[in-house]
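Okay, upload_18.txt is below, compact mmCIF, C-alpha atoms and all ligand atoms:
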# COMPACT_ATOMS: atom_id res chain seq x y z
CA MET A 1 38.51 39.26 -14.32
CA SER A 2 37.12 36.29 -12.50
CA LYS A 3 40.66 35.30 -11.55
CA CYS A 4 41.25 38.63 -9.92
CA TYR A 5 37.95 38.29 -8.14
CA ARG A 6 38.86 34.89 -6.72
CA LEU A 7 42.15 36.17 -5.39
CA ALA A 8 40.56 39.14 -3.72
CA VAL A 9 37.81 37.30 -1.89
CA PRO A 10 39.74 35.48 0.86
CA MET A 11 41.42 38.69 1.89
CA VAL A 12 38.18 40.58 2.09
CA ALA A 13 36.65 37.71 3.97
CA ALA A 14 39.52 37.64 6.43
CA LEU A 15 39.47 41.36 6.94
CA ILE A 16 35.84 41.96 7.57
CA GLY A 17 34.77 38.45 8.49
CA VAL A 18 32.01 38.11 5.98
CA SER A 19 31.18 35.11 3.91
CA ALA A 20 33.61 34.38 1.15
CA VAL A 21 31.36 34.83 -1.83
CA SER A 22 28.35 36.36 -0.20
CA GLY A 23 26.46 38.82 -2.30
CA ALA A 24 29.65 39.75 -4.10
CA SER A 25 28.06 39.20 -7.45
CA ALA A 26 24.45 39.17 -8.52
CA ALA A 27 25.28 36.88 -11.41
CA GLU A 28 26.39 33.64 -9.86
CA VAL A 29 25.12 30.63 -8.02
CA ASN A 30 27.27 28.30 -5.94
CA LEU A 31 26.31 24.71 -6.41
CA TYR A 32 27.47 21.95 -4.06
CA THR A 33 26.80 18.73 -5.88
CA ALA A 34 27.26 15.01 -5.34
CA ARG A 35 26.50 14.41 -9.01
CA HIS A 36 29.38 14.09 -11.43
CA TYR A 37 28.10 13.33 -14.87
CA ASP A 38 29.56 14.74 -18.07
CA SER A 39 26.15 16.08 -18.99
CA ASP A 40 26.07 18.31 -15.89
CA GLU A 41 28.48 20.68 -17.58
CA ARG A 42 25.95 21.12 -20.38
CA LEU A 43 23.28 21.77 -17.79
CA TYR A 44 25.25 24.61 -16.19
CA GLU A 45 26.09 26.12 -19.56
CA ALA A 46 22.45 26.08 -20.58
CA PHE A 47 21.47 27.78 -17.33
CA THR A 48 24.09 30.48 -17.81
CA GLU A 49 22.95 30.98 -21.39
CA ARG A 50 19.34 31.46 -20.32
CA THR A 51 19.95 33.64 -17.29
CA GLY A 52 23.44 35.12 -17.45
CA ILE A 53 24.07 33.56 -14.04
CA GLU A 54 27.37 31.75 -13.69
CA VAL A 55 27.42 28.37 -11.94
CA ARG A 56 30.32 27.73 -9.57
CA VAL A 57 30.60 24.07 -8.74
CA MET A 58 31.88 22.29 -5.66
CA GLU A 59 31.85 18.50 -6.08
CA GLY A 60 32.05 15.91 -3.34
CA ASP A 61 30.15 13.00 -1.91
CA SER A 62 26.94 13.83 -0.17
CA ASP A 63 28.13 13.50 3.43
CA GLN A 64 31.32 15.44 2.68
CA LEU A 65 29.30 18.28 1.24
CA ILE A 66 27.00 18.35 4.26
CA GLN A 67 30.00 18.44 6.60
CA ARG A 68 31.60 21.15 4.52
CA ILE A 69 28.53 23.36 4.61
CA LEU A 70 28.25 22.87 8.38
CA ARG A 71 31.92 23.66 8.85
CA GLU A 72 31.73 26.78 6.70
CA GLY A 73 28.75 27.91 8.72
CA GLU A 74 27.57 31.43 8.02
CA ALA A 75 30.55 32.00 5.76
CA SER A 76 29.47 29.24 3.41
CA PRO A 77 29.12 30.31 -0.21
CA ALA A 78 26.79 27.37 -0.84
CA ASP A 79 23.53 28.35 -2.52
CA VAL A 80 22.24 25.01 -3.76
CA MET A 81 22.97 21.48 -2.61
CA MET A 82 22.25 18.66 -5.03
CA THR A 83 22.47 14.95 -4.34
CA VAL A 84 20.78 11.62 -5.02
CA ASP A 85 18.47 9.51 -2.91
CA ALA A 86 15.78 10.85 -0.62
CA GLY A 87 17.64 9.30 2.32
CA ARG A 88 20.61 11.57 1.69
CA LEU A 89 18.44 14.62 1.08
CA TRP A 90 16.82 13.83 4.40
CA ARG A 91 20.20 13.70 6.13
CA ALA A 92 20.96 17.17 4.79
CA GLU A 93 17.53 18.28 5.92
CA GLU A 94 18.13 16.90 9.41
CA GLU A 95 21.38 18.88 9.62
CA GLY A 96 19.44 22.05 8.84
CA ILE A 97 21.15 22.53 5.48
CA PHE A 98 18.04 23.55 3.52
CA GLN A 99 15.67 26.47 3.64
CA SER A 100 12.10 26.44 2.48
CA VAL A 101 11.40 27.51 -1.09
CA ASP A 102 7.96 28.40 -2.34
CA SER A 103 7.86 28.59 -6.13
CA ASP A 104 4.84 28.58 -8.43
CA THR A 105 7.00 27.23 -11.24
CA LEU A 106 8.16 24.27 -9.19
CA ALA A 107 4.64 23.66 -7.88
CA GLU A 108 3.28 23.61 -11.42
CA ARG A 109 6.02 21.63 -13.08
CA LEU A 110 6.82 18.93 -10.54
CA PRO A 111 4.46 16.21 -9.34
CA ASP A 112 3.38 16.39 -5.68
CA SER A 113 5.41 13.33 -4.77
CA MET A 114 8.62 15.05 -5.92
CA ARG A 115 8.20 18.08 -3.67
CA HIS A 116 9.14 18.14 -0.02
CA PRO A 117 6.02 19.22 1.90
CA ASP A 118 7.86 22.27 3.31
CA GLY A 119 9.68 23.05 0.06
CA LEU A 120 13.03 22.12 1.59
CA TRP A 121 14.06 20.20 -1.51
CA TYR A 122 12.73 19.00 -4.82
CA GLY A 123 13.21 15.85 -6.91
CA PHE A 124 14.32 16.38 -10.51
CA SER A 125 14.95 12.87 -11.78
CA GLN A 126 13.57 9.44 -10.97
CA ARG A 127 15.32 6.13 -10.55
CA VAL A 128 13.34 2.96 -10.24
CA ARG A 129 14.47 0.23 -7.84
CA ALA A 130 13.56 -2.67 -10.08
CA ILE A 131 13.66 -6.45 -9.85
CA PHE A 132 15.88 -8.32 -12.30
CA TYR A 133 15.53 -11.95 -13.25
CA ASN A 134 17.47 -14.61 -15.09
CA ARG A 135 15.63 -15.23 -18.33
CA GLU A 136 16.48 -18.92 -18.41
CA ARG A 137 15.71 -19.71 -14.82
CA LEU A 138 12.59 -17.78 -14.14
CA ASP A 139 9.27 -16.85 -15.64
CA PRO A 140 8.76 -13.16 -14.82
CA ALA A 141 5.06 -13.84 -14.24
CA GLU A 142 6.12 -15.55 -11.00
CA VAL A 143 7.48 -12.32 -9.56
CA GLN A 144 5.31 -9.28 -9.71
CA ARG A 145 5.79 -7.54 -6.39
CA TYR A 146 8.56 -6.63 -3.98
CA GLU A 147 6.64 -8.76 -1.51
CA ASP A 148 7.43 -11.85 -3.64
CA LEU A 149 11.13 -11.48 -2.85
CA ALA A 150 10.33 -12.75 0.67
CA ASP A 151 8.34 -15.74 -0.61
CA PRO A 152 9.82 -19.11 0.50
CA ARG A 153 9.57 -20.23 -3.16
CA PHE A 154 12.70 -18.20 -3.76
CA GLU A 155 14.89 -19.57 -1.01
CA GLY A 156 18.54 -19.10 -1.97
CA GLU A 157 17.63 -17.19 -5.12
CA VAL A 158 17.87 -13.48 -4.26
CA CYS A 159 20.89 -11.23 -4.76
CA ILE A 160 20.67 -7.87 -3.06
CA ARG A 161 23.30 -5.58 -1.63
CA SER A 162 24.02 -4.75 1.97
CA SER A 163 21.74 -2.86 4.30
CA ASN A 164 24.15 0.02 4.79
CA ASN A 165 23.30 1.00 1.24
CA ILE A 166 20.94 3.95 1.15
CA TYR A 167 18.95 2.58 -1.82
CA ASN A 168 17.87 -0.44 0.19
CA GLN A 169 17.17 1.73 3.21
CA SER A 170 14.82 3.81 1.09
CA LEU A 171 13.15 0.72 -0.35
CA LEU A 172 12.53 -0.60 3.16
CA ALA A 173 11.36 2.87 4.22
CA SER A 174 8.66 2.60 1.55
CA MET A 175 7.72 -0.88 2.80
CA ILE A 176 7.32 0.60 6.28
CA HIS A 177 4.93 3.16 4.89
CA HIS A 178 2.84 0.60 3.02
CA HIS A 179 2.92 -2.33 5.46
CA GLY A 180 3.75 -0.78 8.82
CA ALA A 181 6.97 -1.47 10.72
CA ASP A 182 5.96 -5.03 11.63
CA GLY A 183 5.01 -5.93 8.09
CA ALA A 184 8.21 -4.41 6.76
CA GLU A 185 10.28 -6.34 9.30
CA GLU A 186 8.59 -9.58 8.34
CA TRP A 187 9.36 -8.85 4.70
CA ALA A 188 12.99 -8.01 5.38
CA ALA A 189 13.41 -11.19 7.42
CA GLY A 190 11.91 -13.19 4.54
CA VAL A 191 14.30 -11.63 2.04
CA VAL A 192 17.25 -12.49 4.29
CA GLU A 193 16.00 -16.11 4.32
CA ASN A 194 16.11 -16.01 0.51
CA PHE A 195 19.63 -14.57 0.12
CA ALA A 196 21.61 -16.43 -2.53
CA ARG A 197 24.78 -15.16 -0.83
CA GLN A 198 25.85 -12.71 1.82
CA PRO A 199 25.31 -9.19 0.47
CA GLN A 200 28.34 -8.00 -1.46
CA GLY A 201 29.17 -5.40 -4.09
CA GLY A 202 27.09 -2.67 -5.65
CA ASP A 203 23.92 -2.72 -7.72
CA THR A 204 25.74 -3.82 -10.88
CA ASP A 205 27.13 -6.85 -9.04
CA GLN A 206 23.60 -7.95 -8.17
CA ILE A 207 22.56 -7.79 -11.84
CA LEU A 208 25.71 -9.70 -12.84
CA GLY A 209 24.86 -12.30 -10.19
CA VAL A 210 21.60 -12.88 -12.03
CA ALA A 211 23.33 -12.93 -15.42
CA SER A 212 25.80 -15.59 -14.28
CA GLY A 213 23.05 -17.67 -12.67
CA GLU A 214 24.29 -17.30 -9.11
CA CYS A 215 20.84 -15.99 -8.30
CA SER A 216 17.53 -15.94 -10.15
CA LEU A 217 16.45 -12.58 -8.82
CA ALA A 218 18.14 -9.34 -7.92
CA VAL A 219 17.23 -5.84 -6.86
CA ALA A 220 18.97 -2.84 -8.39
CA ASN A 221 18.35 0.64 -9.69
CA HIS A 222 17.32 0.59 -13.33
CA TYR A 223 20.19 2.71 -14.66
CA TYR A 224 22.83 0.14 -13.71
CA TYR A 225 21.10 -2.24 -16.09
CA VAL A 226 20.92 0.42 -18.81
CA ARG A 227 24.66 0.98 -18.39
CA LEU A 228 25.30 -2.70 -19.07
CA LEU A 229 22.97 -2.65 -22.07
CA LYS A 230 24.83 0.33 -23.51
CA SER A 231 28.31 -0.77 -22.50
CA ASP A 232 31.21 -0.65 -24.99
CA ASP A 233 32.26 -4.03 -23.67
CA PRO A 234 30.47 -6.82 -25.61
CA GLU A 235 30.73 -9.05 -22.53
CA ASP A 236 28.64 -6.61 -20.50
CA ARG A 237 26.03 -6.51 -23.22
CA ALA A 238 25.95 -10.30 -23.43
CA MET A 239 25.46 -10.50 -19.65
CA ALA A 240 22.64 -7.97 -19.81
CA ARG A 241 20.88 -10.05 -22.44
CA ASN A 242 20.50 -12.89 -19.92
CA VAL A 243 18.67 -10.55 -17.63
CA GLY A 244 15.14 -9.20 -17.77
CA VAL A 245 13.66 -6.30 -15.84
CA ILE A 246 10.46 -6.29 -13.81
CA PHE A 247 8.74 -3.11 -12.70
CA PRO A 248 7.10 -4.34 -9.52
CA ASN A 249 3.65 -3.79 -8.05
CA GLN A 250 1.97 -2.69 -11.27
CA ASP A 251 -1.38 -3.99 -10.04
CA GLY A 252 -1.06 -1.91 -6.91
CA ARG A 253 0.96 1.04 -5.66
CA GLY A 254 3.55 0.93 -8.46
CA ALA A 255 7.32 0.59 -8.53
CA HIS A 256 9.41 2.20 -5.80
CA VAL A 257 11.24 5.27 -7.08
CA ASN A 258 13.90 7.46 -5.67
CA VAL A 259 15.23 10.83 -6.79
CA GLY A 260 18.06 13.05 -7.74
CA GLY A 261 17.17 16.25 -5.97
CA ALA A 262 18.26 19.65 -4.79
CA GLY A 263 17.37 22.37 -2.34
CA VAL A 264 18.38 25.92 -1.53
CA VAL A 265 20.91 26.12 1.30
CA GLU A 266 20.01 27.97 4.51
CA GLY A 267 21.71 31.34 4.41
CA ALA A 268 22.42 31.10 0.67
CA PRO A 269 24.17 34.31 -0.37
CA ASN A 270 22.52 34.21 -3.79
CA ARG A 271 19.09 32.97 -2.85
CA GLU A 272 17.25 34.39 -5.83
CA ASN A 273 19.69 32.83 -8.28
CA ALA A 274 19.43 29.57 -6.39
CA VAL A 275 15.66 29.49 -6.80
CA ARG A 276 16.06 30.30 -10.48
CA PHE A 277 18.47 27.41 -10.79
CA LEU A 278 15.95 25.00 -9.26
CA GLU A 279 13.24 26.36 -11.53
CA PHE A 280 15.51 25.88 -14.49
CA LEU A 281 16.03 22.24 -13.50
CA ALA A 282 12.30 21.76 -13.93
CA SER A 283 12.31 23.12 -17.51
CA ASP A 284 11.95 20.74 -20.46
CA GLU A 285 15.44 21.58 -21.64
CA ALA A 286 17.10 20.88 -18.28
CA GLN A 287 14.98 17.83 -17.56
CA GLU A 288 16.24 16.20 -20.72
CA ILE A 289 19.87 16.84 -19.84
CA PHE A 290 19.50 16.12 -16.12
CA ALA A 291 17.84 12.76 -16.62
CA SER A 292 20.10 11.68 -19.47
CA GLY A 293 23.28 12.07 -17.42
CA ASN A 294 22.53 8.84 -15.61
CA ASN A 295 19.83 7.26 -17.80
CA GLU A 296 17.16 8.36 -15.34
CA PHE A 297 13.54 9.21 -15.87
CA PRO A 298 12.57 12.87 -16.08
CA VAL A 299 9.99 13.97 -13.50
CA VAL A 300 8.22 16.33 -15.89
CA GLU A 301 5.88 14.52 -18.22
CA GLY A 302 6.30 14.76 -21.96
CA VAL A 303 10.04 15.32 -21.83
CA LEU A 304 11.98 13.37 -24.42
CA MET A 305 13.44 10.19 -22.99
CA ASP A 306 16.35 7.95 -23.75
CA PRO A 307 15.38 5.31 -26.39
CA VAL A 308 15.99 2.40 -23.99
CA LEU A 309 13.76 3.93 -21.32
CA GLU A 310 11.22 4.81 -24.00
CA SER A 311 11.17 1.18 -25.15
CA TRP A 312 10.04 0.09 -21.68
CA GLY A 313 6.77 1.92 -22.18
CA ASN A 314 4.62 3.34 -19.45
CA PHE A 315 4.56 1.81 -16.02
CA ARG A 316 3.16 2.81 -12.71
CA VAL A 317 5.39 4.35 -10.06
CA ASP A 318 4.62 4.70 -6.39
CA ASP A 319 3.46 8.29 -5.83
CA LEU A 320 4.32 8.23 -2.14
CA ASN A 321 5.84 11.59 -1.24
CA ILE A 322 9.58 11.12 -1.47
CA SER A 323 10.19 12.84 1.87
CA VAL A 324 8.59 9.86 3.65
CA LEU A 325 11.58 7.73 2.63
CA GLY A 326 13.80 9.95 4.76
CA GLU A 327 11.42 10.08 7.69
CA ASN A 328 11.29 6.29 7.81
CA ASN A 329 15.03 5.87 7.33
CA PRO A 330 16.02 5.39 11.00
CA GLU A 331 13.32 2.75 11.47
CA ALA A 332 14.49 0.99 8.30
CA VAL A 333 18.06 0.86 9.60
CA ARG A 334 16.86 -0.61 12.91
CA ILE A 335 14.82 -3.27 11.12
CA PHE A 336 17.74 -4.30 8.93
CA ASP A 337 19.79 -4.68 12.11
CA ARG A 338 17.17 -6.79 13.85
CA VAL A 339 16.70 -9.22 10.95
CA GLY A 340 20.43 -9.66 10.43
CA TRP A 341 20.57 -8.10 6.96
CA ARG A 342 24.22 -7.06 6.92
FE FE B 401 23.64 4.78 -8.04

Starting from the coordinates I provided, produce the structure as structure tokens.
Ligand code: FE
Amino acid sequence: MSKCYRLAVPMVAALIGVSAVSGASAAEVNLYTARHYDSDERLYEAFTERTGIEVRVMEGDSDQLIQRILREGEASPADVMMTVDAGRLWRAEEEGIFQSVDSDTLAERLPDSMRHPDGLWYGFSQRVRAIFYNRERLDPAEVQRYEDLADPRFEGEVCIRSSNNIYNQSLLASMIHHHGADGAEEWAAGVVENFARQPQGGDTDQILGVASGECSLAVANHYYYVRLLKSDDPEDRAMARNVGVIFPNQDGRGAHVNVGGAGVVEGAPNRENAVRFLEFLASDEAQEIFASGNNEFPVVEGVLMDPVLESWGNFRVDDLNISVLGENNPEAVRIFDRVGWR
């Protein structure tokens, strides 16, 4: 039946010029997602089981999906767009991809910091941008704050990836919020002074740089470390054992976090189903699956966590509203440019 349906749609669309999937069925939601974890399949199945609404998935990287939605225009079947990092959600927001959603369920279930002030998108999982250190070369008591990464004590000791990476842009965006643009620029310049090497590779490469002793300190999202800890390759696990994790700024604002998030697309043909899908993502059941896909932290408290994350205990996270990271993104990019952080 669904096959027949798919064949019929383009013709109908061509004939009467309406959107391809628009309103054709009350029981589906079209999800454009930049996530691609095995567990996502389970998530969609659980949603369908609970609601009878089928999830149709379009995968791609974040910018591709944005371009696709823009290209499809009013004919776009997209109901929900899902991606990671507040900087990318902000890009989608800037392109006018999202519409405002007001939901009591989301307001009750999600912390303030995880909700865009206008309801344009919501954060459903948290990733901590942590500091990693070489256990032999450094006493973690020496490094307690992001600010320490710019301390001249650590000249030639810091591994961190390039500034075109959105994770670093968001980290600097949070520094702008807390220290002002000048303070953030001073910090970024200090970190550049402390580079162990020119930025290269992804987050995992920074952690491996610490493991091999090329640097004493690195910055990376926590789940890359968890991946190494859980790797099937004994060499990865041995590397990870040389490395310790620091959740920064525990005596102050808390560790910088970013999100996996989603919003309802402007002009969504199945708006109601889209809102239900977001609400489902905030349920205990979905939170557990959503976060586990990438070893992330759930945003709803009390949800069962991965044993490794559980073993880290409680720590403080910065409760800055995640949307600020996007707002400060252009300034962050300019600062990186000025201080020569390539
Ligand atoms: Fe990542």

Please extract the residues at most 12 Å from ligand FE 401 (chain B), counting all atoms listed in the file, and provide them as a PyMOL selection string, using the chain letters and residue numbers of this document. chain A and resi 34-37+83-85+126-129+165-168+202-204+220-227+258-260+293-296

Item checked: Close residues, Asp148 (chain A) itself excluded, 10 Å, only C-alpha atoms, min 6 positions apart in chain, as a list in words -> Glu142, Phe154, Trp187, Gly190, Val191, Pro248 and Asn249 of chain A

* Using all atoms listed in the file, which residue out of A:Arg334, A:Glu266, A:Glu288, A:Leu304 lies closest to Ala46 (chain A)? ->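 Selected residue with least distance to Ala46 (chain A): A:Glu288.
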
Checklist entry - Between CA of Thr33 (chain A) and CA of Gln64 (chain A), what is the distance, to one decimal in Å? => result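 That distance, rounded to one decimal, is 10.2 Å.
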
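Among the candidate residues A:Ile246, A:Ala184, A:Ala255, A:Met305, the one lying nearest to Ala141 (chain A) is A:Ile246, with distances computed using all atoms listed in the file.
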
Asn194 (chain A) proximity check over A:Pro298, A:Gly313, A:Gly156, A:Pro140, using only C-alpha atoms: winner is A:Gly156

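You will find CA of Asp318 (chain A) at 16.8 Å from CA of Pro117 (chain A).
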
Min atom-atom distance to Glu327 (chain A) from the set A:Asp284, A:Asp151, A:Glu94, A:Asp40, counting all atoms listed in the file, belongs to A:Glu94

For region 132-148 of chain A, take all atoms listed in the file, fit an axis-aligned box around them, add 4 Å to each of the six sides, then output centre and edge lengths in Å rounded to one decimal, as lines of an AutoDock Vina configuration file.
center_x = 11.3
center_y = -13.2
center_z = -10.0
size_x = 20.4
size_y = 21.1
size_z = 24.9

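Atom to atom, CA of Asn242 (chain A) and CA of Ala188 (chain A) stand 26.8 Å apart.
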
Closest of A:Glu214, A:Glu147, A:Glu301, A:Asp38 to Met175 (chain A), counting all atoms listed in the file, is A:Glu147

- From A:Ala291, A:Leu120, A:Met81, A:Val55, residue lying nearest Gln67 (chain A) [all atoms listed in the file]: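 Comparing A:Ala291, A:Leu120, A:Met81, A:Val55 against Gln67 (chain A), the winner is A:Met81.
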
**Request:** Write out as a list of chain:residue names each polymer residue whose atoms come within 7 Å of Gln200 (chain A), counting only C-alpha atoms; drop sequence neighbours fewer than 2 positions from it.
**Result:** A:Arg161, A:Ser162, A:Gln198, A:Gly202

**Prompt:** Around (11.9, 17.8, -15.7) in the file's frame, which residues reach within 10 Å when counting all atoms listed in the file? Return as a list of chain:residue names?
**Reply:**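 Here the neighbourhood of the point contains A:Leu106, A:Arg109, A:Leu110, A:Pro111, A:Gly123, A:Phe124, A:Ser125, A:Gln126, A:Glu279, A:Phe280, A:Leu281, A:Ala282, A:Ser283, A:Asp284, A:Glu285, A:Ala286, A:Gln287, A:Glu288, A:Ile289, A:Phe290, A:Ala291, A:Phe297, A:Pro298, A:Val299, A:Val300, A:Glu301, A:Gly302, A:Val303, A:Leu304.
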